[in-house]
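Chemist: One file is attached below, coords00.txt, containing compact mmCIF, C-alpha atoms.
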```txt
# COMPACT_ATOMS: atom_id res chain seq x y z
CA MET V 1 91.49 213.78 6.73
CA PHE V 2 94.65 213.45 4.61
CA VAL V 3 93.05 215.25 1.65
CA ARG V 4 91.81 218.09 3.87
CA ASN V 5 95.24 218.54 5.44
CA LEU V 6 96.91 218.44 2.04
CA ARG V 7 94.65 221.19 0.77
CA ASN V 8 95.39 223.35 3.80
CA ARG V 9 99.17 223.12 3.52
CA ARG V 10 100.94 226.33 2.56
CA SER V 11 102.82 225.73 -0.67
CA PRO V 12 104.80 227.84 -3.14
CA HIS V 13 102.91 225.94 -5.84
CA ARG V 14 99.43 227.25 -4.98
CA PRO V 15 97.48 227.85 -8.23
CA PRO V 16 97.68 231.49 -9.40
CA LYS V 17 94.46 233.39 -10.00
CA GLY V 18 93.47 235.43 -13.02
CA VAL V 19 96.61 234.78 -15.03
CA GLY V 20 96.76 235.29 -18.80
CA MET V 21 98.02 232.41 -20.92
CA PHE V 22 101.33 234.06 -21.84
CA ASP V 23 101.52 236.83 -19.28
CA LEU V 24 105.10 237.38 -18.09
CA ALA V 25 104.44 240.77 -16.48
CA GLY V 26 106.53 241.28 -13.37
CA LYS V 27 108.93 238.44 -14.14
CA VAL V 28 112.68 238.73 -14.60
CA ALA V 29 114.26 236.21 -16.96
CA LEU V 30 117.86 235.24 -17.70
CA VAL V 31 118.40 233.79 -21.18
CA THR V 32 121.72 232.23 -22.17
CA GLY V 33 122.77 232.16 -25.80
CA GLY V 34 120.52 235.19 -26.19
CA ALA V 35 122.43 237.00 -28.93
CA ARG V 36 120.92 235.05 -31.81
CA GLY V 37 118.65 232.18 -32.86
CA ILE V 38 116.14 230.76 -30.40
CA GLY V 39 117.69 232.68 -27.51
CA LEU V 40 117.24 236.03 -29.22
CA ALA V 41 113.67 235.18 -30.20
CA GLU V 42 112.98 234.33 -26.55
CA CYS V 43 114.43 237.61 -25.30
CA ARG V 44 112.31 239.62 -27.73
CA LEU V 45 109.11 237.75 -26.94
CA PHE V 46 109.58 237.78 -23.17
CA VAL V 47 109.92 241.57 -23.20
CA GLU V 48 106.83 241.87 -25.40
CA LEU V 49 104.97 239.82 -22.80
CA GLY V 50 105.98 242.11 -19.96
CA ALA V 51 109.19 240.57 -18.58
CA LYS V 52 112.54 242.15 -17.86
CA VAL V 53 115.37 240.18 -19.46
CA VAL V 54 119.09 239.63 -18.94
CA LEU V 55 120.49 238.60 -22.33
CA ALA V 56 123.64 236.55 -21.69
CA ASP V 57 126.07 235.38 -24.34
CA LEU V 58 129.75 235.02 -25.28
CA ARG V 59 129.15 237.12 -28.40
CA ILE V 60 129.81 240.52 -26.87
CA GLU V 61 129.05 242.84 -29.79
CA GLU V 62 126.03 240.85 -31.00
CA GLY V 63 124.68 240.65 -27.48
CA ARG V 64 125.05 244.34 -26.76
CA SER V 65 123.47 245.24 -30.09
CA ALA V 66 120.53 242.88 -29.50
CA ALA V 67 119.88 244.21 -26.00
CA SER V 68 120.03 247.79 -27.25
CA ASP V 69 117.63 246.99 -30.08
CA ILE V 70 115.16 245.34 -27.68
CA GLY V 71 115.38 248.33 -25.34
CA GLU V 72 117.80 248.86 -22.48
CA LYS V 73 114.98 249.74 -20.07
CA HIS V 74 113.68 246.19 -20.42
CA CYS V 75 116.74 244.16 -21.52
CA VAL V 76 120.37 244.28 -20.40
CA PHE V 77 123.32 242.39 -21.80
CA ALA V 78 125.75 240.40 -19.66
CA PRO V 79 128.76 238.45 -21.00
CA LEU V 80 128.69 234.79 -20.03
CA ASP V 81 130.79 231.71 -20.65
CA VAL V 82 128.40 229.07 -19.31
CA LYS V 83 131.30 226.80 -18.32
CA GLN V 84 132.58 229.31 -15.74
CA PRO V 85 130.92 229.35 -12.28
CA ASP V 86 132.25 232.83 -11.45
CA GLN V 87 130.67 234.27 -14.59
CA TRP V 88 127.34 232.72 -13.65
CA ARG V 89 127.55 234.50 -10.28
CA SER V 90 128.25 237.77 -12.10
CA VAL V 91 125.29 237.36 -14.44
CA VAL V 92 122.90 236.63 -11.57
CA ALA V 93 124.26 239.73 -9.84
CA VAL V 94 123.46 241.77 -12.96
CA ALA V 95 119.85 240.62 -12.80
CA MET V 96 119.60 241.51 -9.13
CA SER V 97 121.23 244.93 -9.51
CA HIS V 98 119.19 245.96 -12.54
CA PHE V 99 115.82 244.41 -11.83
CA GLY V 100 115.85 243.48 -8.15
CA LYS V 101 115.13 239.77 -8.53
CA LEU V 102 115.42 236.72 -10.79
CA ASP V 103 112.64 234.19 -11.18
CA CYS V 104 113.11 232.72 -14.68
CA LEU V 105 116.01 231.01 -16.45
CA VAL V 106 116.30 229.60 -19.96
CA ASN V 107 119.41 227.45 -20.39
CA ASN V 108 119.55 227.94 -24.14
CA ALA V 109 123.30 228.17 -24.89
CA GLY V 110 124.64 225.16 -26.77
CA ILE V 111 126.94 223.99 -29.54
CA PHE V 112 126.83 221.23 -32.14
CA ARG V 113 129.91 219.33 -33.27
CA ALA V 114 130.11 216.29 -35.55
CA THR V 115 133.10 214.07 -34.74
CA PRO V 116 133.38 210.30 -35.40
CA ILE V 117 133.77 208.22 -32.25
CA GLU V 118 136.97 206.58 -33.49
CA THR V 119 138.80 209.84 -34.08
CA ALA V 120 137.22 212.08 -31.43
CA THR V 121 139.57 213.32 -28.73
CA VAL V 122 138.64 213.84 -25.11
CA GLU V 123 138.92 217.57 -25.83
CA ASP V 124 136.40 217.26 -28.69
CA TYR V 125 133.96 215.44 -26.44
CA MET V 126 134.38 217.73 -23.45
CA GLU V 127 133.98 220.89 -25.52
CA VAL V 128 130.40 219.87 -26.30
CA VAL V 129 129.63 218.41 -22.88
CA GLY V 130 131.15 221.42 -21.13
CA ILE V 131 128.75 223.86 -22.77
CA ASN V 132 125.62 221.79 -23.31
CA GLN V 133 125.64 219.74 -20.12
CA VAL V 134 127.90 221.37 -17.52
CA GLY V 135 126.69 224.82 -18.55
CA THR V 136 123.11 223.75 -17.91
CA PHE V 137 124.03 222.33 -14.49
CA LEU V 138 125.82 225.53 -13.49
CA GLY V 139 122.84 227.58 -14.61
CA ILE V 140 120.41 225.60 -12.49
CA GLN V 141 122.76 225.73 -9.51
CA SER V 142 123.50 229.45 -9.79
CA VAL V 143 119.93 230.74 -9.83
CA ILE V 144 118.65 228.77 -6.82
CA PRO V 145 119.38 231.42 -4.14
CA ALA V 146 117.75 234.21 -6.15
CA MET V 147 114.71 232.10 -6.98
CA ARG V 148 114.38 230.99 -3.38
CA ASP V 149 114.38 234.64 -2.31
CA ALA V 150 111.78 235.43 -5.01
CA GLY V 151 109.48 232.75 -3.61
CA GLY V 152 109.93 230.36 -6.52
CA GLY V 153 110.62 230.38 -10.21
CA SER V 154 110.77 228.49 -13.47
CA ILE V 155 113.73 226.99 -15.34
CA VAL V 156 113.62 225.85 -18.96
CA ASN V 157 116.47 223.68 -20.22
CA VAL V 158 116.78 223.49 -24.00
CA ALA V 159 117.61 219.99 -25.27
CA SER V 160 117.04 218.54 -28.76
CA THR V 161 115.29 215.72 -30.54
CA ALA V 162 118.75 214.11 -30.48
CA GLY V 163 118.33 213.92 -26.72
CA VAL V 164 115.22 211.77 -27.14
CA GLN V 165 116.02 209.64 -30.17
CA ALA V 166 119.61 209.18 -31.27
CA SER V 167 120.24 210.26 -34.84
CA PRO V 168 122.59 208.61 -37.33
CA GLY V 169 125.86 210.41 -37.74
CA PRO V 170 129.02 211.21 -35.77
CA ILE V 171 127.33 213.16 -32.97
CA ILE V 172 127.94 211.09 -29.85
CA ALA V 173 128.96 214.05 -27.66
CA TYR V 174 125.99 216.18 -28.74
CA THR V 175 123.58 213.27 -28.24
CA ALA V 176 125.00 212.42 -24.81
CA SER V 177 124.83 216.03 -23.68
CA LYS V 178 121.21 216.48 -24.73
CA PHE V 179 120.09 213.21 -23.13
CA ALA V 180 121.81 214.47 -19.97
CA VAL V 181 119.90 217.74 -20.09
CA ARG V 182 116.61 215.84 -19.95
CA GLY V 183 117.84 213.77 -17.01
CA MET V 184 119.01 216.85 -15.12
CA THR V 185 115.63 218.46 -15.67
CA ARG V 186 113.86 215.59 -13.94
CA SER V 187 116.29 215.43 -11.06
CA ALA V 188 116.22 219.19 -10.52
CA ALA V 189 112.42 219.28 -10.67
CA ILE V 190 112.25 216.79 -7.79
CA GLU V 191 114.92 218.46 -5.67
CA LEU V 192 113.78 222.05 -6.24
CA GLY V 193 110.04 221.45 -6.10
CA PRO V 194 109.83 222.25 -2.36
CA LEU V 195 111.30 225.69 -3.14
CA GLY V 196 108.56 226.43 -5.64
CA ILE V 197 110.97 226.13 -8.57
CA ARG V 198 109.63 224.35 -11.64
CA VAL V 199 112.05 222.80 -14.15
CA ASN V 200 111.11 221.63 -17.65
CA THR V 201 112.80 220.71 -20.91
CA LEU V 202 112.11 222.38 -24.25
CA ILE V 203 112.91 220.06 -27.17
CA PRO V 204 113.31 221.84 -30.52
CA GLY V 205 113.24 219.88 -33.72
CA MET V 206 114.79 221.09 -36.97
CA ILE V 207 114.79 224.85 -36.52
CA GLU V 208 116.07 227.49 -38.93
CA THR V 209 118.77 229.04 -36.72
CA PRO V 210 122.31 230.36 -37.34
CA MET V 211 123.73 227.12 -35.88
CA ASN V 212 122.14 225.28 -38.81
CA THR V 213 122.28 227.89 -41.56
CA GLU V 214 126.05 228.34 -41.20
CA SER V 215 126.49 224.97 -42.91
CA GLU V 216 124.98 224.55 -46.37
CA ALA V 217 125.26 220.76 -46.05
CA VAL V 218 123.39 220.68 -42.74
CA MET V 219 120.67 222.99 -44.05
CA LYS V 220 120.20 220.83 -47.13
CA ALA V 221 119.96 217.67 -45.04
CA ILE V 222 117.54 218.95 -42.44
CA GLY V 223 115.46 220.76 -45.03
CA ALA V 224 114.92 217.53 -46.96
CA LEU V 225 114.14 215.62 -43.78
CA ALA V 226 111.75 218.26 -42.49
CA ARG V 227 109.65 217.91 -45.63
CA LEU V 228 108.88 214.32 -44.58
CA GLN V 229 107.50 215.13 -41.13
CA PRO V 230 103.82 215.86 -40.31
CA VAL V 231 104.48 219.62 -40.40
CA PRO V 232 106.60 219.58 -43.58
CA ARG V 233 108.92 222.51 -43.04
CA LEU V 234 111.70 223.81 -40.82
CA GLY V 235 110.58 225.37 -37.56
CA GLN V 236 111.18 229.01 -36.71
CA ALA V 237 112.91 230.34 -33.60
CA ASN V 238 109.82 232.23 -32.45
CA GLU V 239 107.83 228.98 -32.41
CA CYS V 240 110.21 227.65 -29.76
CA ALA V 241 110.15 231.00 -27.95
CA ARG V 242 106.37 230.83 -27.55
CA LEU V 243 106.65 227.41 -25.91
CA ALA V 244 109.35 228.71 -23.57
CA ALA V 245 107.13 231.67 -22.66
CA PHE V 246 104.33 229.30 -21.71
CA LEU V 247 106.64 227.26 -19.48
CA LEU V 248 107.91 230.37 -17.70
CA SER V 249 104.43 231.76 -17.22
CA ASN V 250 102.03 231.01 -14.39
CA ALA V 251 99.82 229.32 -16.97
CA ALA V 252 102.23 226.36 -16.67
CA SER V 253 102.06 226.33 -12.86
CA TYR V 254 101.28 222.56 -12.73
CA CYS V 255 104.04 221.57 -15.18
CA THR V 256 107.43 220.41 -13.95
CA GLY V 257 109.93 217.66 -14.68
CA SER V 258 108.58 217.18 -18.20
CA ASP V 259 109.54 217.41 -21.86
CA PHE V 260 107.77 219.89 -24.13
CA THR V 261 108.43 219.45 -27.82
CA ALA V 262 108.35 221.83 -30.78
CA ASP V 263 109.47 219.52 -33.57
CA GLY V 264 106.83 219.49 -36.30
CA GLY V 265 106.06 215.86 -35.48
CA PHE V 266 109.65 214.64 -35.98
CA LEU V 267 109.47 212.34 -32.95
CA ALA V 268 106.06 210.96 -33.86
CA GLY V 269 107.80 207.99 -35.47
CA SER V 270 106.79 208.35 -39.12
CA LEU V 271 110.16 209.49 -40.50
CA PRO V 272 112.93 207.32 -41.94
CA ASN V 273 115.95 207.08 -39.64
CA GLU V 274 118.53 207.52 -42.35
CA GLY V 275 120.22 210.87 -42.68
CA SER V 276 118.50 212.63 -39.81
CA LEU V 277 120.29 215.42 -38.00
CA PRO V 278 119.43 217.22 -34.75
CA SER V 279 118.57 220.87 -34.40
```
Turn the structure described in the file into structure tokens.
Modeler:
Amino acid sequence: MFVRNLRNRRSPHRPPKGVGMFDLAGKVALVTGGARGIGLAECRLFVELGAKVVLADLRIEEGRSAASDIGEKHCVFAPLDVKQPDQWRSVVAVAMSHFGKLDCLVNNAGIFRATPIETATVEDYMEVVGINQVGTFLGIQSVIPAMRDAGGGSIVNVASTAGVQASPGPIIAYTASKFAVRGMTRSAAIELGPLGIRVNTLIPGMIETPMNTESEAVMKAIGALARLQPVPRLGQANECARLAAFLLSNAASYCTGSDFTADGGFLAGSLPNEGSLPS
């Protein structure tokens, strides 16, 4: 009797029919940190797969240029400081005014800072936590009304291997923020499940992005470490974008509250601990 009643319940999570593996047609996605790196790769791929995209970033000129290059019919730029609740409301409004709905969010914006515990100031710590952790919380919170109105949605929070396995080095704020992202994903998945909103974490490994390539020392360190992992190279932004596309698509309709990793095997446990750095 219980099983029969469970099957008959109306649910926003009913399995979709006839859905392609990476079909995002008809979906509207908001991507933070979309002006470069993984965020930009996601914006490009999502449009290729049929979605409309709001590319949000603090980098005004880069963001506008990227959206124009992708195609303004399918992608619009919106300025966003992820620490500011009022700017989140504005960005959601952009999605609604341009595309009529919002049913996908990728919380991709993040920063990396290396500061020893002994000398780190509260300001140093909160700069990282404010963007990586609080920004993710505000993103989840801000899209709920629009996703509820759309009948459900999917949220992808971008963490890091440093949010699964702490790495040596002075990165306590970054590590804490990325562990928090994974915890928020689980909590949000439970709370928002009844609304038909799925929430998952994407965990990049050592990816060749501007955040890493800006520092020759970081690139040298992660390049050497990457050669020791099962897939012996740095990852590319589009490899993370493809995983994000899957999680936003209806093909992932039974996936929520989980970690999905694109790390070349970094977390498999075969690497030495010394000298490792997060993405």
Chemist: Mind pulling up the distance from atom CA of Ala146 of chain V to atom CA of Met96 of chain V?
Modeler: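 We find that atom CA of Met96 of chain V and atom CA of Ala146 of chain V lie 8.1 Å from each other.
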Chemist: Could you list, as an NGL selection string, every residue within 9 Å of Arg148 of chain V, counting only C-alpha atoms and ignoring same-chain residues fewer than 2 positions away?
Modeler: :V and (103 or 143-146 or 150-153 or 195-197)
Chemist: So that I can check the surroundings of segment 255-261 of chain V, please list as a list in words every protein, DNA and RNA residue that reaches within 8 Å of it, counting all atoms listed in the file and ignoring chain neighbours fewer than 5 positions away.
Modeler: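 Residues meeting the cut-off are Arg182, Thr185, Arg186, Ser187, Ala188, Ala189, Ile190, Arg198, Val199, Asn200, Thr201, Leu202, Ile203, Pro204, Gly205, Leu243 and Leu247 of chain V.
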Chemist: In terms of the shortest atom-to-atom distance over all atoms listed in the file, which of V:Thr119, V:Gln133, V:Ser97, V:Ser68 is closest to Val82 of chain V?
Modeler: V:Gln133
Chemist: For atom CA of Gly130 of chain V and atom CA of Ala109 of chain V, quote the distance in Å rounded to one decimal.
Modeler: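 Calculated distance between atom CA of Gly130 of chain V and atom CA of Ala109 of chain V is 11.0 Å.
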Chemist: Find the residues around Glu127 of chain V up to 12 Å (all atoms listed in the file counted), leave out those fewer than 2 positions away in its own chain, and share them as a CSV table (one decimal) with C-alpha atoms, in the frame of the given file.
Modeler:
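The new file part14.csv reads:
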```csv
chain,number,residue,atom,x,y,z
V,82,VAL,CA,128.4,229.1,-19.3
V,83,LYS,CA,131.3,226.8,-18.3
V,110,GLY,CA,124.6,225.2,-26.8
V,111,ILE,CA,126.9,224.0,-29.5
V,112,PHE,CA,126.8,221.2,-32.1
V,113,ARG,CA,129.9,219.3,-33.3
V,114,ALA,CA,130.1,216.3,-35.6
V,115,THR,CA,133.1,214.1,-34.7
V,120,ALA,CA,137.2,212.1,-31.4
V,121,THR,CA,139.6,213.3,-28.7
V,122,VAL,CA,138.6,213.8,-25.1
V,123,GLU,CA,138.9,217.6,-25.8
V,124,ASP,CA,136.4,217.3,-28.7
V,125,TYR,CA,134.0,215.4,-26.4
V,129,VAL,CA,129.6,218.4,-22.9
V,130,GLY,CA,131.2,221.4,-21.1
V,131,ILE,CA,128.8,223.9,-22.8
V,132,ASN,CA,125.6,221.8,-23.3
V,133,GLN,CA,125.6,219.7,-20.1
V,134,VAL,CA,127.9,221.4,-17.5
V,135,GLY,CA,126.7,224.8,-18.6
V,173,ALA,CA,129.0,214.0,-27.7
V,174,TYR,CA,126.0,216.2,-28.7
V,177,SER,CA,124.8,216.0,-23.7
```
Chemist: Name the residues within 8 Å of (109.9, 230.6, -26.3), counting all atoms listed in the file in the file's coordinates, and put them as a PyMOL selection string.
Modeler: chain V and resi 38+41-42+45-46+237-246
Chemist: What does the distance between atom CA of Lys52 of chain V and atom CA of Trp88 of chain V come to in Å, to one decimal place?
Modeler: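 A separation of 18.0 Å between them.
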Chemist: Kindly extract all protein, DNA and RNA residues lying within 7 Å of the coordinates (109.2, 234.6, -15.0) given in the file, considering all atoms listed in the file, and supply them as a list in words.
Modeler: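 The residues near that point, listed by chain and number, are Leu24, Lys27, Val28, Ala29, Ala51, Asp103, Cys104, Gly153, Ser154, Leu248 and Ser249 of chain V.
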Chemist: Rank nothing, just name the residue among V:Gly193, V:Gly169, V:Pro210, V:Gly100 nearest to Gly39 of chain V, using only C-alpha atoms.
Modeler: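 Closest candidate: V:Pro210.
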Chemist: So which residues touch Gln229 of chain V within 7 Å, counting all atoms listed in the file, skipping near sequence neighbours fewer than 3 positions away, as a PyMOL selection string?
Modeler: chain V and resi 226+232+264-266+271
Chemist: Please enclose the listed atoms of segment 93-111 of chain V in an axis-aligned box, pad each side by 5 Å, and write out the centre and the three edge lengths in Å, rounded to one decimal, as lines of an AutoDock Vina configuration file.
Modeler:
```
center_x = 119.8
center_y = 235.0
center_z = -18.8
size_x = 24.3
size_y = 32.0
size_z = 31.4
```
Chemist: Restricting the calculation to all atoms listed in the file, which member of V:Ala217, V:Ala262, V:Val92, V:Val181 is positioned closest to Gln236 of chain V?
Modeler: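 Nearest to Gln236 of chain V: V:Ala262.
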Chemist: Nearest to Ala25 of chain V among V:Val158, V:Gly63, V:His74, V:Asp57, with distances taken over only C-alpha atoms: which residue is it?
Modeler: V:His74
Chemist: Which residue is closest to Ser253 of chain V? Choose from V:Val218, V:Val53, V:Ile171, V:Ile155 and count all atoms listed in the file.
Modeler: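 Ranked by minimum distance to Ser253 of chain V, first place goes to V:Ile155.
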Chemist: Looking at all atoms listed in the file, which of V:Ala78, V:Ile222, V:Ala166, V:Val231 is the one that sits closest to Arg59 of chain V?
Modeler: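 Ranked by minimum distance to Arg59 of chain V, first place goes to V:Ala78.
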